[in-house]
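Trainee: Data: coords-v5.cif, mmCIF, C-alpha atoms and all ligand atoms.
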data_protein
#
loop_
_atom_site.label_atom_id
_atom_site.label_comp_id
_atom_site.auth_asym_id
_atom_site.auth_seq_id
_atom_site.Cartn_x
_atom_site.Cartn_y
_atom_site.Cartn_z
CA MET A 640 -12.76 31.09 1.63
CA GLU A 641 -16.11 30.64 3.35
CA PHE A 642 -16.28 28.28 6.33
CA LEU A 643 -19.70 26.65 6.78
CA ARG A 644 -20.31 24.90 10.08
CA PRO A 645 -23.82 23.41 10.21
CA ALA A 646 -25.05 22.11 13.58
CA THR A 647 -27.56 19.62 12.17
CA TRP A 648 -27.81 17.25 9.23
CA ASP A 649 -30.67 19.27 7.71
CA GLU A 650 -28.56 22.42 7.92
CA ALA A 651 -25.67 20.57 6.25
CA LEU A 652 -27.88 19.45 3.36
CA ALA A 653 -29.30 22.97 2.98
CA ALA A 654 -25.75 24.41 2.95
CA LYS A 655 -24.63 21.87 0.31
CA ALA A 656 -27.68 22.74 -1.82
CA GLU A 657 -26.89 26.43 -1.56
CA HIS A 658 -23.11 25.96 -2.09
CA PRO A 659 -22.71 22.87 -4.31
CA THR A 660 -18.99 23.54 -4.77
CA ALA A 661 -18.34 23.61 -1.00
CA LEU A 662 -15.83 20.90 -0.05
CA PRO A 663 -17.08 18.71 2.82
CA ILE A 664 -14.57 18.00 5.57
CA SER A 665 -14.93 15.14 8.03
CA GLY A 666 -11.72 13.74 9.59
CA GLY A 667 -9.72 16.03 7.30
CA THR A 668 -6.96 13.46 6.71
CA ASP A 669 -7.32 13.80 2.94
CA VAL A 670 -8.75 17.31 2.72
CA MET A 671 -6.09 19.05 4.82
CA VAL A 672 -3.22 17.31 3.02
CA GLU A 673 -4.62 18.31 -0.37
CA MET A 674 -5.22 21.89 0.73
CA ASN A 675 -1.69 22.13 2.08
CA PHE A 676 -0.41 20.95 -1.31
CA ASP A 677 -2.75 23.35 -3.12
CA VAL A 678 -4.65 20.53 -4.85
CA HIS A 679 -7.88 22.24 -3.75
CA ARG A 680 -8.73 25.92 -3.31
CA PRO A 681 -12.45 25.49 -2.66
CA SER A 682 -14.65 28.57 -2.44
CA ALA A 683 -16.12 27.11 0.76
CA ILE A 684 -15.44 24.35 3.28
CA LEU A 685 -18.39 22.47 4.74
CA ASP A 686 -17.36 21.19 8.17
CA LEU A 687 -19.41 18.12 9.15
CA ASN A 688 -17.83 17.65 12.59
CA ARG A 689 -20.73 19.01 14.64
CA ILE A 690 -23.16 16.47 13.24
CA THR A 691 -23.08 13.71 15.83
CA GLU A 692 -25.25 11.21 13.96
CA LEU A 693 -22.49 10.84 11.35
CA THR A 694 -20.31 9.26 14.05
CA GLU A 695 -22.92 6.66 15.08
CA TRP A 696 -23.56 3.15 13.84
CA THR A 697 -26.58 0.93 14.31
CA VAL A 698 -27.49 -2.64 13.46
CA ASP A 699 -30.89 -3.07 11.91
CA GLY A 700 -31.59 -6.79 11.57
CA GLU A 701 -28.89 -8.13 9.28
CA VAL A 702 -27.47 -4.77 8.22
CA VAL A 703 -24.98 -2.40 9.82
CA ARG A 704 -25.70 1.26 9.10
CA LEU A 705 -22.26 2.80 9.47
CA GLY A 706 -22.28 6.59 9.92
CA ALA A 707 -20.04 8.28 7.35
CA ALA A 708 -17.70 9.75 10.00
CA VAL A 709 -17.23 6.74 12.32
CA PRO A 710 -13.42 6.66 12.58
CA TYR A 711 -11.41 3.55 11.66
CA ALA A 712 -10.26 3.09 15.27
CA ARG A 713 -13.89 2.55 16.33
CA ILE A 714 -14.60 0.21 13.41
CA ILE A 715 -11.71 -1.95 14.63
CA GLU A 716 -12.79 -1.81 18.26
CA GLU A 717 -16.57 -2.00 17.92
CA LEU A 718 -17.35 -3.69 14.60
CA SER A 719 -14.82 -6.46 14.01
CA GLY A 720 -17.58 -9.01 14.77
CA PRO A 721 -20.25 -7.92 12.25
CA LEU A 722 -17.81 -6.36 9.75
CA PRO A 723 -14.58 -8.41 9.97
CA GLY A 724 -13.33 -7.59 6.46
CA LEU A 725 -13.76 -3.84 6.92
CA ALA A 726 -12.17 -4.00 10.39
CA LEU A 727 -9.12 -5.80 8.94
CA ALA A 728 -8.87 -3.17 6.21
CA ALA A 729 -9.19 -0.40 8.83
CA HIS A 730 -6.23 -1.93 10.71
CA THR A 731 -3.99 -1.24 7.74
CA VAL A 732 -4.92 2.45 7.32
CA GLY A 733 -2.17 4.96 8.11
CA SER A 734 -1.20 5.27 11.76
CA PRO A 735 -3.15 5.46 15.05
CA GLN A 736 -3.58 9.22 14.53
CA ILE A 737 -5.04 8.73 11.04
CA ARG A 738 -7.26 5.87 12.26
CA ASN A 739 -8.62 8.13 15.03
CA ARG A 740 -9.73 10.76 12.51
CA GLY A 741 -10.16 9.08 9.11
CA SER A 742 -13.48 7.55 8.13
CA VAL A 743 -15.13 5.36 5.52
CA GLY A 744 -17.25 8.35 4.43
CA GLY A 745 -14.02 10.26 3.75
CA ASN A 746 -12.47 7.28 1.95
CA LEU A 747 -15.56 7.13 -0.28
CA GLY A 748 -15.55 10.91 -0.77
CA ALA A 749 -11.91 10.74 -1.91
CA ALA A 750 -12.71 7.67 -4.11
CA SER A 751 -9.03 6.86 -4.57
CA PRO A 752 -8.48 3.48 -6.26
CA ALA A 753 -6.00 2.84 -3.40
CA GLY A 754 -8.46 3.52 -0.54
CA ASP A 755 -8.41 0.57 1.81
CA SER A 756 -12.07 0.38 2.71
CA HIS A 757 -13.19 -0.15 -0.91
CA PRO A 758 -12.08 -3.78 -1.45
CA ALA A 759 -13.68 -4.75 1.87
CA LEU A 760 -16.94 -2.96 1.02
CA LEU A 761 -17.08 -4.55 -2.44
CA ALA A 762 -16.47 -8.02 -1.01
CA ALA A 763 -19.04 -7.62 1.77
CA GLY A 764 -21.94 -8.55 -0.52
CA ARG A 765 -24.25 -7.39 -3.27
CA ASP A 766 -26.34 -5.37 -0.82
CA VAL A 767 -23.82 -2.74 0.21
CA TYR A 768 -25.24 0.74 -0.36
CA VAL A 769 -23.92 4.25 0.05
CA GLU A 770 -26.64 6.54 1.44
CA ALA A 771 -26.46 9.75 -0.60
CA HIS A 772 -28.63 12.47 0.97
CA SER A 773 -29.64 15.86 -0.37
CA VAL A 774 -32.50 18.31 0.17
CA ARG A 775 -34.17 16.40 -2.70
CA GLY A 776 -34.24 13.10 -0.79
CA VAL A 777 -32.19 9.93 -0.24
CA ARG A 778 -30.54 7.77 -2.90
CA LEU A 779 -29.17 4.32 -2.15
CA VAL A 780 -26.17 3.84 -4.43
CA PRO A 781 -25.01 0.22 -4.85
CA ILE A 782 -21.34 0.13 -3.89
CA ASP A 783 -20.09 -1.05 -7.29
CA GLU A 784 -21.90 1.84 -8.98
CA PHE A 785 -20.39 4.39 -6.61
CA TYR A 786 -16.91 4.49 -8.19
CA VAL A 787 -16.98 6.02 -11.67
CA GLY A 788 -13.35 6.94 -12.44
CA VAL A 789 -9.98 7.71 -10.90
CA LYS A 790 -10.86 9.63 -7.71
CA ARG A 791 -14.40 10.17 -9.05
CA HIS A 792 -17.63 9.02 -7.52
CA SER A 793 -21.29 9.17 -8.46
CA LEU A 794 -22.43 11.74 -5.88
CA GLU A 795 -24.34 14.73 -7.26
CA PRO A 796 -22.93 18.16 -6.34
CA ASP A 797 -25.66 18.74 -3.73
CA GLU A 798 -25.33 15.29 -2.11
CA LEU A 799 -23.55 14.21 1.06
CA ILE A 800 -22.84 10.72 2.36
CA ARG A 801 -24.87 10.04 5.47
CA ALA A 802 -23.95 6.36 6.01
CA VAL A 803 -23.02 3.08 4.37
CA ARG A 804 -25.29 0.04 4.70
CA ILE A 805 -23.30 -3.18 4.97
CA PRO A 806 -24.70 -6.69 5.57
CA VAL A 807 -23.57 -8.34 8.80
CA ALA A 808 -20.98 -10.99 7.87
CA ASP A 809 -22.45 -14.48 7.58
CA GLY A 810 -19.09 -16.16 6.92
CA PRO A 811 -15.33 -15.54 7.13
CA GLN A 812 -13.88 -12.41 5.52
CA GLN A 813 -10.30 -11.38 4.81
CA PHE A 814 -8.34 -8.37 3.61
CA SER A 815 -4.80 -8.31 2.30
CA LYS A 816 -2.67 -5.31 1.33
CA ILE A 817 0.79 -4.93 -0.10
CA GLY A 818 2.81 -1.83 0.65
CA THR A 819 6.44 -0.89 0.60
CA ARG A 820 6.52 -1.15 4.41
CA ASN A 821 4.21 -2.38 7.17
CA ALA A 822 2.47 0.86 8.19
CA MET A 823 1.72 4.38 6.93
CA VAL A 824 1.65 3.23 3.38
CA ILE A 825 -0.62 3.60 0.38
CA ALA A 826 -1.47 0.20 -1.07
CA VAL A 827 0.58 -1.04 -4.00
CA CYS A 828 -2.44 -3.27 -4.38
CA ALA A 829 -5.02 -4.81 -2.07
CA PHE A 830 -7.66 -7.53 -2.09
CA GLY A 831 -10.79 -8.19 -0.05
CA PHE A 832 -12.54 -11.55 0.07
CA ALA A 833 -15.69 -12.82 1.77
CA LEU A 834 -17.63 -16.07 1.90
CA HIS A 835 -21.41 -15.72 1.98
CA PRO A 836 -22.72 -19.18 2.90
CA LYS A 837 -26.30 -17.94 3.40
CA ASP A 838 -26.85 -17.29 -0.29
CA GLY A 839 -23.99 -19.47 -1.60
CA THR A 840 -22.01 -16.55 -3.08
CA VAL A 841 -18.52 -15.15 -2.57
CA GLY A 842 -17.40 -11.52 -2.65
CA THR A 843 -14.21 -9.95 -3.96
CA GLY A 844 -12.75 -6.46 -4.10
CA ILE A 845 -9.62 -5.33 -5.92
CA GLY A 846 -7.82 -2.18 -4.76
CA SER A 847 -5.12 -0.11 -6.43
CA ALA A 848 -4.96 -2.22 -9.58
CA ALA A 849 -7.50 -0.52 -11.87
CA PRO A 850 -8.84 3.03 -12.37
CA THR A 851 -11.49 2.31 -9.74
CA PRO A 852 -11.89 -0.26 -7.01
CA ARG A 853 -13.70 -3.21 -8.62
CA ARG A 854 -14.95 -6.74 -8.09
CA ALA A 855 -13.45 -9.78 -9.85
CA VAL A 856 -16.80 -10.92 -11.19
CA GLU A 857 -15.63 -13.97 -13.15
CA ALA A 858 -13.60 -15.22 -10.21
CA GLU A 859 -16.68 -14.88 -7.97
CA GLU A 860 -18.85 -16.77 -10.48
CA TYR A 861 -16.26 -19.51 -10.95
CA LEU A 862 -15.95 -20.14 -7.23
CA ARG A 863 -19.69 -19.91 -6.62
CA GLY A 864 -20.19 -22.62 -9.28
CA VAL A 865 -17.50 -24.93 -7.88
CA LEU A 866 -18.78 -24.62 -4.31
CA ALA A 867 -22.36 -25.38 -5.39
CA GLU A 868 -21.62 -28.20 -7.87
CA ARG A 869 -19.32 -30.07 -5.49
CA GLY A 870 -21.52 -29.58 -2.42
CA LEU A 871 -18.63 -27.92 -0.62
CA TRP A 872 -20.76 -25.51 1.40
CA GLU A 873 -22.35 -28.54 3.08
CA SER A 874 -19.27 -30.79 3.37
CA GLY A 875 -16.66 -28.12 4.17
CA GLU A 876 -14.13 -30.33 2.35
CA LEU A 877 -10.86 -28.81 1.16
CA LEU A 878 -10.99 -26.90 -2.13
CA GLY A 879 -7.97 -28.46 -3.81
CA SER A 880 -5.03 -26.61 -5.29
CA GLU A 881 -6.49 -26.44 -8.83
CA VAL A 882 -9.53 -24.45 -7.65
CA VAL A 883 -7.41 -22.08 -5.57
CA ARG A 884 -4.98 -21.56 -8.46
CA ARG A 885 -7.78 -20.88 -10.98
CA PHE A 886 -9.44 -18.41 -8.61
CA GLY A 887 -6.12 -16.52 -8.33
CA GLU A 888 -5.78 -16.43 -12.12
CA LEU A 889 -9.28 -15.04 -12.57
CA VAL A 890 -8.73 -12.34 -9.95
CA GLN A 891 -5.50 -11.38 -11.68
CA ALA A 892 -7.32 -11.21 -15.03
CA ALA A 893 -9.95 -8.85 -13.60
CA ALA A 894 -7.35 -6.17 -12.80
CA SER A 895 -6.09 -3.51 -15.19
CA PRO A 896 -3.17 -2.03 -13.31
CA ILE A 897 -0.62 0.56 -14.40
CA ASP A 898 3.09 1.05 -13.75
CA ASP A 899 3.63 3.86 -11.25
CA VAL A 900 5.97 4.98 -8.48
CA ARG A 901 4.58 2.34 -6.11
CA GLY A 902 4.88 -0.71 -8.35
CA THR A 903 4.70 -2.12 -11.85
CA ALA A 904 1.58 -3.47 -13.50
CA ASP A 905 3.22 -6.92 -13.71
CA TYR A 906 4.03 -6.94 -10.02
CA ARG A 907 0.48 -5.89 -9.13
CA ARG A 908 -1.00 -8.70 -11.25
CA HIS A 909 1.30 -11.25 -9.66
CA ALA A 910 0.61 -9.95 -6.15
CA LEU A 911 -3.15 -10.01 -6.68
CA ALA A 912 -3.09 -13.69 -7.62
CA VAL A 913 -1.06 -14.43 -4.48
CA MET A 914 -3.39 -12.41 -2.24
CA ALA A 915 -6.47 -14.00 -3.83
CA ARG A 916 -5.14 -17.52 -3.23
CA ARG A 917 -4.14 -16.71 0.35
CA THR A 918 -7.35 -14.96 1.40
CA LEU A 919 -9.46 -17.72 -0.15
CA THR A 920 -7.45 -20.39 1.65
CA TRP A 921 -7.63 -18.58 5.02
CA CYS A 922 -11.38 -18.04 4.72
CA TRP A 923 -12.11 -21.54 3.49
CA ASN A 924 -10.04 -23.13 6.27
CA ASP A 925 -12.02 -21.12 8.85
CA TYR A 926 -15.32 -22.03 7.24
CA SER A 927 -14.35 -25.69 6.96
CA LYS A 928 -13.43 -25.80 10.68
CA GLN A 929 -16.82 -24.31 11.61
CA ILE A 930 -18.69 -26.87 9.48
CA ARG A 931 -16.70 -29.82 10.77
CA SER A 932 -16.97 -28.79 14.42
CA ALA A 933 -20.75 -28.35 14.03
CA ALA A 934 -21.10 -31.84 12.49
C1 LIG B 1 -0.45 10.06 6.71
C2 LIG B 1 -1.66 9.50 6.00
C3 LIG B 1 -1.77 8.14 5.81
C4 LIG B 1 -2.89 7.61 5.16
N1 LIG B 1 -2.98 6.26 5.00
C5 LIG B 1 -4.04 5.74 4.36
C6 LIG B 1 -4.14 4.33 4.19
O1 LIG B 1 -3.28 3.55 4.61
N2 LIG B 1 -5.23 3.86 3.54
C7 LIG B 1 -6.21 4.68 3.06
O2 LIG B 1 -7.20 4.19 2.50
N3 LIG B 1 -6.14 6.03 3.22
C8 LIG B 1 -5.08 6.57 3.85
N4 LIG B 1 -4.99 7.93 4.00
C9 LIG B 1 -6.04 8.78 3.42
C10 LIG B 1 -7.20 9.13 4.40
O3 LIG B 1 -6.82 8.97 5.74
C11 LIG B 1 -8.43 8.26 4.13
O4 LIG B 1 -8.88 8.40 2.80
C12 LIG B 1 -9.59 8.57 5.08
O5 LIG B 1 -10.55 7.55 4.96
C13 LIG B 1 -10.24 9.92 4.81
O6 LIG B 1 -11.27 10.11 5.79
P1 LIG B 1 -11.53 11.55 6.43
O7 LIG B 1 -12.73 11.43 7.31
O8 LIG B 1 -10.31 12.10 7.04
O9 LIG B 1 -11.91 12.36 5.10
P2 LIG B 1 -11.72 13.93 4.75
O10 LIG B 1 -10.30 14.26 4.53
O11 LIG B 1 -12.49 14.78 5.68
O12 LIG B 1 -12.49 13.92 3.33
C14 LIG B 1 -12.01 13.15 2.25
C15 LIG B 1 -12.90 13.37 1.02
O13 LIG B 1 -14.22 12.94 1.28
C16 LIG B 1 -15.15 14.03 1.19
N5 LIG B 1 -16.12 13.81 2.26
C17 LIG B 1 -15.88 13.64 3.58
N6 LIG B 1 -17.03 13.36 4.25
C18 LIG B 1 -18.01 13.36 3.32
C19 LIG B 1 -19.42 13.14 3.37
N7 LIG B 1 -20.05 12.84 4.52
N8 LIG B 1 -20.12 13.21 2.21
C20 LIG B 1 -19.50 13.49 1.04
N9 LIG B 1 -18.17 13.70 0.92
C21 LIG B 1 -17.44 13.63 2.05
C22 LIG B 1 -14.30 15.30 1.35
O14 LIG B 1 -14.88 16.41 0.72
C23 LIG B 1 -13.02 14.84 0.65
O15 LIG B 1 -13.17 14.94 -0.75
C24 LIG B 1 -3.91 8.48 4.67
C25 LIG B 1 -3.79 9.87 4.88
C26 LIG B 1 -2.68 10.38 5.54
C27 LIG B 1 -2.58 11.87 5.76
#
Can you give me the file's structure in the form of structure tokens?
Ligand SMILES: Cc1cc2nc3c(=O)[nH]c(=O)nc-3n(C[C@H](O)[C@H](O)[C@H](O)COP(=O)(O)OP(=O)(O)OC[C@H]3O[C@@H](n4cnc5c(N)ncnc54)[C@H](O)[C@@H]3O)c2cc1C
Mentor:
Amino acid sequence: MEFLRPATWDEALAAKAEHPTALPISGGTDVMVEMNFDVHRPSAILDLNRITELTEWTVDGEVVRLGAAVPYARIIEELSGPLPGLALAAHTVGSPQIRNRGSVGGNLGAASPAGDSHPALLAAGRDVYVEAHSVRGVRLVPIDEFYVGVKRHSLEPDELIRAVRIPVADGPQQFSKIGTRNAMVIAVCAFGFALHPKDGTVGTGIGSAAPTPRRAVEAEEYLRGVLAERGLWESGELLGSEVVRRFGELVQAAASPIDDVRGTADYRRHALAVMARRTLTWCWNDYSKQIRSAA
């Protein structure tokens, strides 16, 4: 097996162009496990650990550009203000050791329907983009076009993830995950939710309850309509149990889960409705408090 160790981003892109089947390795928390279990026997490994810009993040106006290899521990510590939903999701990943190594770039590269960053990225807004770089140029892939099948993404063989562009939160965000215990657990199912008062939209992300992570589009549209028609963004008044219940039902309907070792499809549907109702209520209560205290 060849071991490629580029020192710069340009060298990494050139190496990927020359060896399109080379398996990139960042934190290694997925790659090493899969190699140990013989899931992969790549002809070459492309080690991205010398490329320091992958571990940097910047804020450009209203957008965070999160380097692909920024580890979860730093997202929690440094980005819980601008990216609260992603920071909450990062809190639930593995253990401190995994959070020190694992990254959003690696979560995207693995594209597991159970990856915890996906629901938070999907909920964070319409303008979340994965930066896919190659020697041919840069492609901005909208997050909901990134996932194309179970553990399959839309990167071309010569492309690498440089960063993810995520809008700075303009309202409360939440993330909820169900596992068989409190830590070191793959999600039975998960849900991300965000309020976007600036453009009057809401964001959702379903994890581990469909072949790919996905948004609950009808639930988003339903809630957007109710909030606008009733002037709730301005008044901050309570939503009422009927709205919360209907939102939960629509989230549940957007999932297409399976029975597997971690849970049944029925349980996942039930749990999603509960998580949707809870995260909506938490976010709306926070938003409502902000509006009322500003009045
Ligand atoms: C004990 C344990 C517990 C875990 N718990 C969780 C959990 O709770 N939640 C969760 O979501 N995950 C969990 N994971 C899985 C893993 O930690 C995450 O998926 C993590 O985000 C992977 O990041 P990484 O940097 O280690 O990726 P790596 O293992 O380095 O790579 C993962 C995949 O992404 C590709 N890749 C990496 N970087 C790039 C890049 N820049 N461009 C293109 N492709 C790239 C690799 O080729 C590979 O296919 C756990 C893993 C372990 C071992």
Trainee: If the limit is 7 Å from any atom of ligand LIG 1 (chain B), counting all atoms listed in the file, which residues qualify? Return them as a ChimeraX atom specification.
Mentor: /A:662-672,707-708,731-734,737,740-749,753-756,798-801,823-826
Trainee: Point out the residue among A:Arg863, A:Arg680, A:Arg713, A:His658 with the least atom-to-atom distance to Thr694 (chain A), counting only C-alpha atoms.
Mentor: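 When distances to Thr694 (chain A) are compared using only C-alpha atoms, the smallest one comes from A:Arg713.
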Trainee: Applying 12 Å and all atoms listed in the file, which residues near Pro645 (chain A) remain after dropping the ones on its own chain fewer than 6 positions away? List them as a list in words.
Mentor: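 In the requested format, the answer is Ala651, Leu652, Ala653, Ala654, Lys655, Pro663, Ile664, Ile684, Leu685, Asp686, Leu687, Asn688, Arg689, Ile690 and Thr691 of chain A.
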Trainee: Between CA of Glu795 (chain A) and CA of Asp649 (chain A), what is the spacing in Å?
Mentor: 16.9 Å
Trainee: Find the residues of region 749-832 of chain A that sit at most 12 Å from region 898-919 of chain A; for each, write down the nearest two atoms and how far apart they are in Å, to one decimal. Count only C-alpha atoms. Sort by chain, then by number going up, and give it as a tab-separated table.
Mentor:
residue	atom	partner	partner_atom	distance
A:Ala753	CA	A:Arg901	CA	10.9
A:Pro758	CA	A:Ala915	CA	11.9
A:Ala762	CA	A:Thr918	CA	11.7
A:Pro811	CA	A:Leu919	CA	9.6
A:Gln812	CA	A:Thr918	CA	8.1
A:Gln813	CA	A:Thr918	CA	5.8
A:Phe814	CA	A:Thr918	CA	7.0
A:Ser815	CA	A:Met914	CA	6.3
A:Lys816	CA	A:Met914	CA	8.0
A:Ile817	CA	A:Ala910	CA	7.9
A:Gly818	CA	A:Arg901	CA	8.1
A:Thr819	CA	A:Arg901	CA	7.7
A:Arg820	CA	A:Arg901	CA	11.3
A:Val824	CA	A:Arg901	CA	10.0
A:Ile825	CA	A:Arg901	CA	8.4
A:Ala826	CA	A:Arg901	CA	8.2
A:Val827	CA	A:Arg901	CA	5.6
A:Cys828	CA	A:Arg907	CA	6.2
A:Ala829	CA	A:Leu911	CA	7.2
A:Phe830	CA	A:Met914	CA	6.5
A:Gly831	CA	A:Thr918	CA	7.7
A:Phe832	CA	A:Thr918	CA	6.4
Trainee: Interatomic distance between CA of Ile782 (chain A) and CA of Ile845 (chain A)?
Mentor: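 If I compute the distance from CA of Ile782 (chain A) to CA of Ile845 (chain A), I get 13.1 Å.
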Trainee: Using all atoms listed in the file, which residues sit within 8 Å of Arg931 (chain A) once same-chain residues fewer than 3 positions away are excluded, as a PyMOL selection string?
Mentor: chain A and resi 874-875+927-928+934
Trainee: Rounded to one decimal in Å, what is the spacing between CA of Val780 (chain A) and CA of Glu888 (chain A)?
Mentor: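 So the two atoms, CA of Val780 (chain A) and CA of Glu888 (chain A), lie 29.8 Å apart.
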Trainee: Find the spatial neighbours of Ala683 (chain A), counting only C-alpha atoms, within a cut-off of 6 Å - ignore same-chain residues fewer than 4 positions away - and output them as a compact mmCIF listing (two decimals) with C-alpha atoms, keeping the file's coordinate frame.
Mentor:
# COMPACT_ATOMS: atom_id res chain seq x y z
CA MET A 640 -12.76 31.09 1.63
CA GLU A 641 -16.11 30.64 3.35
CA PHE A 642 -16.28 28.28 6.33
CA ALA A 661 -18.34 23.61 -1.00
Trainee: Find the nearest atom pair between each residue of region 681-753 of chain A and region 784-788 of chain A for residues within 9 Å, count only C-alpha atoms, give distances in Å to one decimal, sort rows by chain and ascending number, and present the table as JSON lines.
Mentor:
{"residue": "A:Leu747", "atom": "CA", "partner": "A:Phe785", "partner_atom": "CA", "distance": 8.4}
{"residue": "A:Ala750", "atom": "CA", "partner": "A:Tyr786", "partner_atom": "CA", "distance": 6.7}
{"residue": "A:Ser751", "atom": "CA", "partner": "A:Gly788", "partner_atom": "CA", "distance": 9.0}
{"residue": "A:Pro752", "atom": "CA", "partner": "A:Gly788", "partner_atom": "CA", "distance": 8.6}
Trainee: Between A:Val789, A:Ala802, A:Leu705, A:Ala867, single out the one closest to His772 (chain A), counting all atoms listed in the file.
Mentor: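 Closest to His772 (chain A), using all atoms listed in the file: A:Ala802.
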Trainee: Of the candidates A:Arg738, A:Gly864, A:Asp925, A:Pro659, which one gets nearest to Leu794 (chain A) if we count only C-alpha atoms?
Mentor: A:Pro659
Trainee: Neighbourhood query: residues within 9 Å of (-7.9, -19.5, -8.4), file coordinates, counting only C-alpha atoms; return as a list in words.
Mentor: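 Checking each residue against the 9 Å limit leaves Ala858, Tyr861, Leu862, Ser880, Glu881, Val882, Val883, Arg884, Arg885, Phe886, Gly887, Glu888, Leu889, Val890, Ala912, Ala915, Arg916 and Leu919 of chain A.
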Trainee: Ranking A:Ala771, A:Asn739, A:Arg765, A:Pro806 by minimum distance to Asp699 (chain A) and counting all atoms listed in the file, which one comes first?
Mentor: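 Smallest distance to Asp699 (chain A) is found for A:Pro806.
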Trainee: Residues near Ser895 (chain A), anyone? I mean within 9 Å using all atoms listed in the file, not counting same-chain ones fewer than 2 positions away, as a PyMOL selection string.
Mentor: chain A and resi 848-850+891-893+897+904+908
